[in-house]
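Heads up, work.cif below (mmCIF, N, CA and C atoms):
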data_entry
#
loop_
_atom_site.label_atom_id
_atom_site.label_comp_id
_atom_site.auth_asym_id
_atom_site.auth_seq_id
_atom_site.Cartn_x
_atom_site.Cartn_y
_atom_site.Cartn_z
N MET H 1 -0.34 -68.22 -33.48
CA MET H 1 -0.69 -66.89 -33.08
C MET H 1 0.11 -66.50 -31.83
N ARG H 2 0.27 -67.41 -30.91
CA ARG H 2 1.01 -67.12 -29.68
C ARG H 2 2.47 -66.79 -29.99
N ASN H 3 3.04 -67.52 -30.96
CA ASN H 3 4.42 -67.27 -31.34
C ASN H 3 4.59 -65.88 -31.93
N LYS H 4 3.62 -65.45 -32.73
CA LYS H 4 3.70 -64.12 -33.34
C LYS H 4 3.63 -63.03 -32.28
N GLU H 5 2.76 -63.22 -31.29
CA GLU H 5 2.67 -62.24 -30.21
C GLU H 5 3.97 -62.19 -29.43
N SER H 6 4.56 -63.36 -29.19
CA SER H 6 5.85 -63.40 -28.49
C SER H 6 6.94 -62.72 -29.31
N LEU H 7 6.90 -62.93 -30.60
CA LEU H 7 7.88 -62.31 -31.49
C LEU H 7 7.73 -60.79 -31.47
N ILE H 8 6.51 -60.31 -31.47
CA ILE H 8 6.27 -58.87 -31.41
C ILE H 8 6.74 -58.31 -30.07
N ARG H 9 6.45 -59.03 -28.98
CA ARG H 9 6.93 -58.58 -27.66
C ARG H 9 8.44 -58.53 -27.62
N LEU H 10 9.08 -59.53 -28.21
CA LEU H 10 10.55 -59.56 -28.25
C LEU H 10 11.09 -58.35 -29.00
N HIS H 11 10.48 -58.05 -30.15
CA HIS H 11 10.95 -56.90 -30.93
C HIS H 11 10.67 -55.58 -30.21
N ARG H 12 9.56 -55.49 -29.51
CA ARG H 12 9.29 -54.28 -28.72
C ARG H 12 10.35 -54.12 -27.64
N PHE H 13 10.70 -55.22 -27.00
CA PHE H 13 11.74 -55.19 -25.98
C PHE H 13 13.06 -54.71 -26.59
N GLN H 14 13.40 -55.24 -27.77
CA GLN H 14 14.64 -54.85 -28.43
C GLN H 14 14.63 -53.36 -28.78
N VAL H 15 13.51 -52.87 -29.27
CA VAL H 15 13.40 -51.44 -29.60
C VAL H 15 13.58 -50.61 -28.33
N ASP H 16 12.91 -51.00 -27.25
CA ASP H 16 13.03 -50.26 -25.99
C ASP H 16 14.47 -50.29 -25.48
N GLU H 17 15.09 -51.46 -25.58
CA GLU H 17 16.47 -51.60 -25.12
C GLU H 17 17.41 -50.70 -25.95
N ARG H 18 17.19 -50.65 -27.23
CA ARG H 18 18.04 -49.81 -28.08
C ARG H 18 17.77 -48.33 -27.85
N ARG H 19 16.53 -47.99 -27.54
CA ARG H 19 16.22 -46.60 -27.19
C ARG H 19 16.98 -46.19 -25.92
N ARG H 20 16.99 -47.08 -24.94
CA ARG H 20 17.72 -46.80 -23.71
C ARG H 20 19.22 -46.65 -23.99
N GLN H 21 19.72 -47.51 -24.86
CA GLN H 21 21.14 -47.45 -25.20
C GLN H 21 21.48 -46.11 -25.88
N VAL H 22 20.63 -45.68 -26.81
CA VAL H 22 20.84 -44.39 -27.49
C VAL H 22 20.78 -43.26 -26.46
N ALA H 23 19.80 -43.30 -25.58
CA ALA H 23 19.67 -42.25 -24.56
C ALA H 23 20.90 -42.21 -23.65
N ASP H 24 21.38 -43.38 -23.25
CA ASP H 24 22.58 -43.44 -22.40
C ASP H 24 23.80 -42.85 -23.12
N LEU H 25 23.97 -43.20 -24.39
CA LEU H 25 25.10 -42.67 -25.15
C LEU H 25 24.99 -41.16 -25.32
N GLU H 26 23.77 -40.67 -25.54
CA GLU H 26 23.59 -39.22 -25.67
C GLU H 26 23.93 -38.51 -24.37
N LEU H 27 23.53 -39.10 -23.24
CA LEU H 27 23.88 -38.51 -21.94
C LEU H 27 25.39 -38.50 -21.72
N MET H 28 26.04 -39.61 -22.08
CA MET H 28 27.50 -39.68 -21.94
C MET H 28 28.17 -38.62 -22.80
N LEU H 29 27.67 -38.46 -24.01
CA LEU H 29 28.24 -37.47 -24.93
C LEU H 29 28.08 -36.06 -24.37
N GLU H 30 26.90 -35.76 -23.83
CA GLU H 30 26.68 -34.45 -23.22
C GLU H 30 27.64 -34.22 -22.05
N GLU H 31 27.82 -35.26 -21.23
CA GLU H 31 28.72 -35.15 -20.08
C GLU H 31 30.16 -34.89 -20.53
N PHE H 32 30.61 -35.59 -21.55
CA PHE H 32 31.98 -35.37 -22.05
C PHE H 32 32.13 -33.97 -22.64
N HIS H 33 31.10 -33.47 -23.29
CA HIS H 33 31.17 -32.10 -23.82
C HIS H 33 31.25 -31.10 -22.66
N ARG H 34 30.50 -31.35 -21.59
CA ARG H 34 30.59 -30.46 -20.41
C ARG H 34 32.00 -30.51 -19.82
N ARG H 35 32.55 -31.71 -19.71
CA ARG H 35 33.91 -31.85 -19.17
C ARG H 35 34.93 -31.12 -20.05
N GLU H 36 34.75 -31.25 -21.36
CA GLU H 36 35.66 -30.57 -22.29
C GLU H 36 35.58 -29.05 -22.08
N ASP H 37 34.37 -28.53 -21.96
CA ASP H 37 34.20 -27.10 -21.72
C ASP H 37 34.86 -26.67 -20.40
N ASP H 38 34.68 -27.49 -19.37
CA ASP H 38 35.30 -27.17 -18.07
C ASP H 38 36.82 -27.14 -18.20
N LEU H 39 37.37 -28.14 -18.88
CA LEU H 39 38.83 -28.18 -19.05
C LEU H 39 39.33 -26.99 -19.86
N ASN H 40 38.59 -26.61 -20.89
CA ASN H 40 38.98 -25.43 -21.68
C ASN H 40 39.00 -24.18 -20.82
N ARG H 41 38.01 -24.05 -19.93
CA ARG H 41 37.97 -22.88 -19.02
C ARG H 41 39.15 -22.92 -18.05
N GLN H 42 39.44 -24.10 -17.53
CA GLN H 42 40.55 -24.22 -16.58
C GLN H 42 41.89 -23.89 -17.25
N VAL H 43 42.06 -24.39 -18.49
CA VAL H 43 43.30 -24.11 -19.23
C VAL H 43 43.40 -22.60 -19.48
N LYS H 44 42.32 -22.02 -19.92
CA LYS H 44 42.31 -20.57 -20.20
C LYS H 44 42.64 -19.79 -18.93
N TYR H 45 42.06 -20.18 -17.81
CA TYR H 45 42.32 -19.50 -16.54
C TYR H 45 43.80 -19.61 -16.16
N GLU H 46 44.37 -20.81 -16.29
CA GLU H 46 45.79 -21.01 -15.95
C GLU H 46 46.70 -20.21 -16.89
N GLN H 47 46.35 -20.18 -18.17
CA GLN H 47 47.15 -19.42 -19.13
C GLN H 47 47.08 -17.92 -18.81
N ASP H 48 45.87 -17.45 -18.50
CA ASP H 48 45.72 -16.04 -18.17
C ASP H 48 46.48 -15.70 -16.88
N LYS H 49 46.42 -16.59 -15.92
CA LYS H 49 47.09 -16.37 -14.64
C LYS H 49 48.61 -16.32 -14.82
N ALA H 50 49.13 -17.22 -15.67
CA ALA H 50 50.58 -17.27 -15.89
C ALA H 50 51.01 -16.24 -16.94
N GLY H 51 50.08 -15.83 -17.79
CA GLY H 51 50.42 -14.89 -18.86
C GLY H 51 51.16 -15.56 -20.00
N ILE H 52 51.06 -16.88 -20.10
CA ILE H 52 51.77 -17.63 -21.14
C ILE H 52 50.77 -18.57 -21.82
N THR H 53 50.69 -18.45 -23.16
CA THR H 53 49.78 -19.32 -23.90
C THR H 53 50.53 -20.34 -24.76
N ASP H 54 51.84 -20.19 -24.87
CA ASP H 54 52.66 -21.11 -25.67
C ASP H 54 52.97 -22.35 -24.84
N VAL H 55 52.43 -23.49 -25.29
CA VAL H 55 52.62 -24.75 -24.56
C VAL H 55 54.09 -25.14 -24.51
N GLY H 56 54.86 -24.74 -25.50
CA GLY H 56 56.27 -25.09 -25.55
C GLY H 56 57.15 -24.22 -24.67
N HIS H 57 56.61 -23.17 -24.12
CA HIS H 57 57.38 -22.27 -23.27
C HIS H 57 57.78 -23.00 -21.99
N PHE H 58 59.02 -22.75 -21.54
CA PHE H 58 59.54 -23.46 -20.36
C PHE H 58 58.75 -23.15 -19.09
N ALA H 59 58.08 -21.99 -19.03
CA ALA H 59 57.36 -21.60 -17.82
C ALA H 59 55.85 -21.87 -17.95
N TYR H 60 55.47 -22.59 -19.00
CA TYR H 60 54.04 -22.88 -19.18
C TYR H 60 53.56 -23.71 -17.99
N PRO H 61 52.41 -23.38 -17.41
CA PRO H 61 51.94 -24.07 -16.20
C PRO H 61 51.72 -25.58 -16.43
N MET H 62 52.26 -26.37 -15.53
CA MET H 62 52.12 -27.84 -15.63
C MET H 62 50.66 -28.27 -15.49
N PHE H 63 49.93 -27.55 -14.64
CA PHE H 63 48.51 -27.88 -14.47
C PHE H 63 47.77 -27.71 -15.80
N ALA H 64 48.08 -26.64 -16.54
CA ALA H 64 47.45 -26.41 -17.84
C ALA H 64 47.82 -27.52 -18.82
N LYS H 65 49.10 -27.96 -18.77
CA LYS H 65 49.52 -29.06 -19.64
C LYS H 65 48.73 -30.33 -19.34
N SER H 66 48.54 -30.62 -18.06
CA SER H 66 47.80 -31.83 -17.70
C SER H 66 46.33 -31.71 -18.11
N MET H 67 45.77 -30.51 -18.03
CA MET H 67 44.38 -30.28 -18.46
C MET H 67 44.24 -30.46 -19.98
N LEU H 68 45.26 -30.01 -20.72
CA LEU H 68 45.24 -30.18 -22.17
C LEU H 68 45.30 -31.67 -22.54
N ALA H 69 46.10 -32.44 -21.81
CA ALA H 69 46.18 -33.89 -22.06
C ALA H 69 44.85 -34.55 -21.74
N ARG H 70 44.23 -34.15 -20.64
CA ARG H 70 42.92 -34.71 -20.29
C ARG H 70 41.88 -34.34 -21.36
N ARG H 71 41.97 -33.10 -21.85
CA ARG H 71 41.03 -32.66 -22.88
C ARG H 71 41.19 -33.50 -24.15
N GLU H 72 42.42 -33.81 -24.52
CA GLU H 72 42.66 -34.64 -25.70
C GLU H 72 42.05 -36.03 -25.51
N ASN H 73 42.19 -36.59 -24.32
CA ASN H 73 41.57 -37.89 -24.02
C ASN H 73 40.05 -37.81 -24.12
N ILE H 74 39.50 -36.72 -23.62
CA ILE H 74 38.04 -36.55 -23.69
C ILE H 74 37.59 -36.39 -25.14
N LEU H 75 38.37 -35.63 -25.94
CA LEU H 75 38.01 -35.48 -27.36
C LEU H 75 38.03 -36.83 -28.07
N GLN H 76 39.00 -37.67 -27.72
CA GLN H 76 39.05 -39.00 -28.31
C GLN H 76 37.83 -39.82 -27.87
N SER H 77 37.48 -39.71 -26.62
CA SER H 77 36.29 -40.42 -26.11
C SER H 77 35.02 -39.92 -26.80
N ILE H 78 34.95 -38.62 -27.04
CA ILE H 78 33.78 -38.05 -27.73
C ILE H 78 33.65 -38.63 -29.13
N GLU H 79 34.77 -38.77 -29.82
CA GLU H 79 34.74 -39.37 -31.16
C GLU H 79 34.25 -40.82 -31.10
N GLU H 80 34.76 -41.58 -30.14
CA GLU H 80 34.36 -42.98 -30.01
C GLU H 80 32.88 -43.11 -29.67
N ILE H 81 32.42 -42.29 -28.74
CA ILE H 81 31.01 -42.35 -28.34
C ILE H 81 30.11 -41.89 -29.48
N SER H 82 30.56 -40.90 -30.23
CA SER H 82 29.77 -40.44 -31.37
C SER H 82 29.60 -41.57 -32.40
N ALA H 83 30.67 -42.33 -32.62
CA ALA H 83 30.58 -43.46 -33.55
C ALA H 83 29.63 -44.53 -32.99
N GLN H 84 29.73 -44.79 -31.69
CA GLN H 84 28.83 -45.77 -31.07
C GLN H 84 27.39 -45.29 -31.15
N LEU H 85 27.18 -44.00 -30.96
CA LEU H 85 25.83 -43.43 -31.01
C LEU H 85 25.24 -43.57 -32.41
N THR H 86 26.04 -43.30 -33.42
CA THR H 86 25.57 -43.45 -34.80
C THR H 86 25.17 -44.90 -35.07
N ALA H 87 26.01 -45.83 -34.63
CA ALA H 87 25.71 -47.25 -34.83
C ALA H 87 24.45 -47.64 -34.05
N ALA H 88 24.31 -47.15 -32.84
CA ALA H 88 23.14 -47.47 -32.01
C ALA H 88 21.86 -46.92 -32.63
N LYS H 89 21.94 -45.72 -33.19
CA LYS H 89 20.76 -45.13 -33.85
C LYS H 89 20.38 -45.95 -35.09
N ASP H 90 21.38 -46.43 -35.83
CA ASP H 90 21.10 -47.29 -36.99
C ASP H 90 20.44 -48.59 -36.55
N GLU H 91 20.96 -49.19 -35.48
CA GLU H 91 20.37 -50.42 -34.96
C GLU H 91 18.95 -50.18 -34.47
N LEU H 92 18.72 -49.05 -33.84
CA LEU H 92 17.38 -48.70 -33.38
C LEU H 92 16.42 -48.58 -34.55
N ALA H 93 16.86 -47.90 -35.61
CA ALA H 93 16.01 -47.75 -36.79
C ALA H 93 15.68 -49.11 -37.41
N ASP H 94 16.69 -49.98 -37.48
CA ASP H 94 16.46 -51.32 -38.03
C ASP H 94 15.49 -52.11 -37.15
N SER H 95 15.67 -52.06 -35.85
CA SER H 95 14.79 -52.77 -34.93
C SER H 95 13.37 -52.24 -35.02
N PHE H 96 13.25 -50.93 -35.14
CA PHE H 96 11.93 -50.32 -35.24
C PHE H 96 11.23 -50.77 -36.53
N GLN H 97 11.98 -50.82 -37.64
CA GLN H 97 11.40 -51.29 -38.90
C GLN H 97 10.96 -52.75 -38.79
N ASP H 98 11.78 -53.57 -38.15
CA ASP H 98 11.40 -54.97 -37.95
C ASP H 98 10.12 -55.07 -37.12
N LEU H 99 10.05 -54.31 -36.05
CA LEU H 99 8.87 -54.32 -35.20
C LEU H 99 7.63 -53.94 -35.99
N LYS H 100 7.72 -52.87 -36.76
CA LYS H 100 6.57 -52.41 -37.54
C LYS H 100 6.16 -53.47 -38.56
N LYS H 101 7.13 -54.14 -39.14
CA LYS H 101 6.83 -55.19 -40.11
C LYS H 101 6.02 -56.30 -39.45
N TYR H 102 6.47 -56.76 -38.28
CA TYR H 102 5.75 -57.82 -37.58
C TYR H 102 4.38 -57.36 -37.10
N GLU H 103 4.29 -56.11 -36.65
CA GLU H 103 2.99 -55.58 -36.22
C GLU H 103 2.01 -55.50 -37.38
N LEU H 104 2.50 -55.08 -38.54
CA LEU H 104 1.63 -55.01 -39.72
C LEU H 104 1.16 -56.39 -40.16
N VAL H 105 2.07 -57.35 -40.11
CA VAL H 105 1.69 -58.72 -40.47
C VAL H 105 0.60 -59.22 -39.53
N GLU H 106 0.79 -58.99 -38.23
CA GLU H 106 -0.20 -59.43 -37.24
C GLU H 106 -1.53 -58.70 -37.41
N GLU H 107 -1.45 -57.40 -37.68
CA GLU H 107 -2.66 -56.62 -37.90
C GLU H 107 -3.42 -57.14 -39.12
N ASN H 108 -2.70 -57.43 -40.20
CA ASN H 108 -3.35 -57.98 -41.39
C ASN H 108 -3.96 -59.34 -41.12
N ARG H 109 -3.25 -60.17 -40.34
CA ARG H 109 -3.78 -61.49 -40.00
C ARG H 109 -5.07 -61.37 -39.21
N LYS H 110 -5.10 -60.45 -38.24
CA LYS H 110 -6.31 -60.24 -37.44
C LYS H 110 -7.45 -59.70 -38.30
N ARG H 111 -7.12 -58.79 -39.22
CA ARG H 111 -8.14 -58.24 -40.10
C ARG H 111 -8.74 -59.34 -40.98
N ARG H 112 -7.88 -60.22 -41.52
CA ARG H 112 -8.38 -61.33 -42.34
C ARG H 112 -9.23 -62.29 -41.52
N ALA H 113 -8.79 -62.59 -40.30
CA ALA H 113 -9.54 -63.49 -39.43
C ALA H 113 -10.91 -62.90 -39.11
N LYS H 114 -10.95 -61.60 -38.84
CA LYS H 114 -12.22 -60.94 -38.54
C LYS H 114 -13.14 -60.96 -39.77
N LYS H 115 -12.55 -60.72 -40.94
CA LYS H 115 -13.34 -60.74 -42.17
C LYS H 115 -13.90 -62.14 -42.42
N GLU H 116 -13.08 -63.15 -42.20
CA GLU H 116 -13.54 -64.53 -42.38
C GLU H 116 -14.64 -64.86 -41.38
N ALA H 117 -14.53 -64.38 -40.16
CA ALA H 117 -15.55 -64.62 -39.15
C ALA H 117 -16.86 -63.96 -39.55
N VAL H 118 -16.78 -62.74 -40.07
CA VAL H 118 -17.98 -62.03 -40.52
C VAL H 118 -18.62 -62.78 -41.69
N LEU H 119 -17.81 -63.25 -42.63
CA LEU H 119 -18.34 -64.00 -43.76
C LEU H 119 -18.99 -65.31 -43.31
N LEU H 120 -18.36 -65.99 -42.39
CA LEU H 120 -18.91 -67.24 -41.87
C LEU H 120 -20.23 -66.98 -41.15
N GLU H 121 -20.27 -65.91 -40.36
CA GLU H 121 -21.50 -65.55 -39.66
C GLU H 121 -22.60 -65.20 -40.65
N GLN H 122 -22.22 -64.47 -41.70
CA GLN H 122 -23.20 -64.11 -42.73
C GLN H 122 -23.72 -65.36 -43.43
N LYS H 123 -22.85 -66.30 -43.69
CA LYS H 123 -23.24 -67.55 -44.33
C LYS H 123 -24.22 -68.31 -43.43
N ASP H 124 -23.92 -68.37 -42.14
CA ASP H 124 -24.82 -69.03 -41.19
C ASP H 124 -26.17 -68.33 -41.14
N MET H 125 -26.15 -67.01 -41.12
CA MET H 125 -27.41 -66.24 -41.09
C MET H 125 -28.21 -66.46 -42.37
N ASP H 126 -27.52 -66.52 -43.51
CA ASP H 126 -28.20 -66.78 -44.77
C ASP H 126 -28.85 -68.16 -44.76
N GLU H 127 -28.16 -69.13 -44.20
CA GLU H 127 -28.68 -70.49 -44.13
C GLU H 127 -29.91 -70.55 -43.22
N VAL H 128 -29.83 -69.86 -42.09
CA VAL H 128 -30.98 -69.81 -41.17
C VAL H 128 -32.16 -69.15 -41.86
N SER H 129 -31.88 -68.06 -42.53
CA SER H 129 -32.94 -67.33 -43.22
C SER H 129 -33.56 -68.18 -44.31
N LEU H 130 -32.72 -68.90 -45.04
CA LEU H 130 -33.21 -69.78 -46.10
C LEU H 130 -34.07 -70.90 -45.51
N ASN H 131 -33.65 -71.46 -44.39
CA ASN H 131 -34.43 -72.51 -43.73
C ASN H 131 -35.77 -71.98 -43.25
N ILE H 132 -35.75 -70.79 -42.68
CA ILE H 132 -37.02 -70.18 -42.23
C ILE H 132 -37.93 -69.94 -43.43
N HIS H 133 -37.36 -69.45 -44.51
CA HIS H 133 -38.15 -69.17 -45.71
C HIS H 133 -38.75 -70.46 -46.27
N ARG H 134 -37.97 -71.52 -46.27
CA ARG H 134 -38.47 -72.80 -46.77
C ARG H 134 -39.61 -73.32 -45.89
N GLN H 135 -39.43 -73.18 -44.58
CA GLN H 135 -40.47 -73.67 -43.66
C GLN H 135 -41.75 -72.87 -43.82
N THR H 136 -41.66 -71.55 -43.92
CA THR H 136 -42.85 -70.74 -44.07
C THR H 136 -43.49 -70.96 -45.42
N GLY H 137 -42.67 -71.18 -46.44
CA GLY H 137 -43.22 -71.47 -47.76
C GLY H 137 -43.88 -72.84 -47.80
N PHE H 138 -43.32 -73.80 -47.12
CA PHE H 138 -43.86 -75.16 -47.06
C PHE H 138 -45.18 -75.16 -46.30
N GLU H 139 -45.24 -74.40 -45.20
CA GLU H 139 -46.46 -74.33 -44.41
C GLU H 139 -47.56 -73.60 -45.18
N ALA H 140 -47.20 -72.61 -45.97
CA ALA H 140 -48.22 -71.87 -46.75
C ALA H 140 -48.77 -72.76 -47.85
N ASN H 141 -47.98 -73.61 -48.44
CA ASN H 141 -48.45 -74.52 -49.48
C ASN H 141 -49.33 -75.63 -48.92
N ASN H 142 -49.16 -76.01 -47.68
CA ASN H 142 -49.95 -77.07 -47.07
C ASN H 142 -51.28 -76.57 -46.56
N ARG H 143 -51.55 -75.36 -46.55
CA ARG H 143 -52.83 -74.84 -46.07
C ARG H 143 -53.84 -74.82 -47.12
#

Spell out the structure here as structure tokens.
Amino acid sequence: MRNKESLIRLHRFQVDERRRQVADLELMLEEFHRREDDLNRQVKYEQDKAGITDVGHFAYPMFAKSMLARRENILQSIEEISAQLTAAKDELADSFQDLKKYELVEENRKRRAKKEAVLLEQKDMDEVSLNIHRQTGFEANNR
């Protein structure tokens, strides 16, 4: 019984750990999306200021070019984190299913143990009652 409780605690810990991992990845993803939006605004501002939107143009602002390169890196990071997030959510779902399985097994074991205890108690009570009945019947016959 102690091992099962430890196993359930371990699985709860794993579920909590995976929840934290999913939450961290979601926060990272949100942050990268904010950075991407900021870079898009900065590029747009630089393009509007220079009046040139063609990246191949010789007078295209260097700052805008560097922002576009940073944005590409961020987009690549967003893809990687999205893949990690999907995998983490799958692992979380699997861990949660495992936890529920162990909890159900333990719940069923406790229910059976309680039922057996009730049956044993009922058997003891029946035996006591039978003994009392025999004694009262024996005493009535001796009078």

Option closest in space to Phe96 (chain H), from H:Arg112, H:Lys44, H:Arg18, H:Lys49 [counting only C-alpha atoms]: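 Ranking H:Arg112, H:Lys44, H:Arg18, H:Lys49 by distance to Phe96 (chain H), first place goes to H:Arg18.
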
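Straight-line separation from CA of Asp90 (chain H) to CA of Ser6 (chain H): 23.8 Å.
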
Counting all atoms listed in the file, the residue of H:Val55, H:Val15, H:Ile81, H:Met67 that sits nearest Met28 (chain H):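 Once distances to Met28 (chain H) are computed over all atoms listed in the file, the minimum belongs to H:Ile81.
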
Spatial neighbours of Leu27 (chain H), 12 Å, only C-alpha atoms, chain gap at least 6 places, as an mmCIF file with N, CA and C atoms, keeping the file's coordinate frame:
data_model
loop_
_atom_site.group_PDB
_atom_site.id
_atom_site.type_symbol
_atom_site.label_atom_id
_atom_site.label_comp_id
_atom_site.auth_asym_id
_atom_site.auth_seq_id
_atom_site.Cartn_x
_atom_site.Cartn_y
_atom_site.Cartn_z
ATOM 1 N N ARG H 20 16.990 -47.080 -24.940
ATOM 2 C CA ARG H 20 17.720 -46.800 -23.710
ATOM 3 C C ARG H 20 19.220 -46.650 -23.990
ATOM 4 N N GLN H 21 19.720 -47.510 -24.860
ATOM 5 C CA GLN H 21 21.140 -47.450 -25.200
ATOM 6 C C GLN H 21 21.480 -46.110 -25.880
ATOM 7 N N HIS H 33 31.100 -33.470 -23.290
ATOM 8 C CA HIS H 33 31.170 -32.100 -23.820
ATOM 9 C C HIS H 33 31.250 -31.100 -22.660
ATOM 10 N N ARG H 34 30.500 -31.350 -21.590
ATOM 11 C CA ARG H 34 30.590 -30.460 -20.410
ATOM 12 C C ARG H 34 32.000 -30.510 -19.820
ATOM 13 N N ILE H 78 34.950 -38.620 -27.040
ATOM 14 C CA ILE H 78 33.780 -38.050 -27.730
ATOM 15 C C ILE H 78 33.650 -38.630 -29.130
ATOM 16 N N ILE H 81 32.420 -42.290 -28.740
ATOM 17 C CA ILE H 81 31.010 -42.350 -28.340
ATOM 18 C C ILE H 81 30.110 -41.890 -29.480
ATOM 19 N N SER H 82 30.560 -40.900 -30.230
ATOM 20 C CA SER H 82 29.770 -40.440 -31.370
ATOM 21 C C SER H 82 29.600 -41.570 -32.400
ATOM 22 N N LEU H 85 27.180 -44.000 -30.960
ATOM 23 C CA LEU H 85 25.830 -43.430 -31.010
ATOM 24 C C LEU H 85 25.240 -43.570 -32.410
#

Write out as a list in words the residues lying within 9 Å of Ala50 (chain H), counting only C-alpha atoms and excluding same-chain residues fewer than 6 positions away.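 So the residues in contact are Ala59, Tyr60 and Pro61 of chain H.
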
Point out the residue among H:Asp38, H:Glu31, H:Glu79, H:Glu17 with the least atom-to-atom distance to Leu92 (chain H), counting only N, CA and C atoms. H:Glu17

Which residues are near region 104-111 of chain H? Cut-off 9 Å, only C-alpha atoms, ignore same chain within fewer than 5 positions. Put them as a ChimeraX atom specification. /H:1,4-5,8,99,116

May I ask for the distance between CA of Leu39 (chain H) and CA of Asn73 (chain H), given in Å to one decimal place?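 Separation of CA of Leu39 (chain H) and CA of Asn73 (chain H): 11.2 Å.
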
Which is closer to Leu25 (chain H) than all the others in H:Asp94, H:Ser66, H:Gln84, H:Val43, using only N, CA and C atoms? H:Gln84
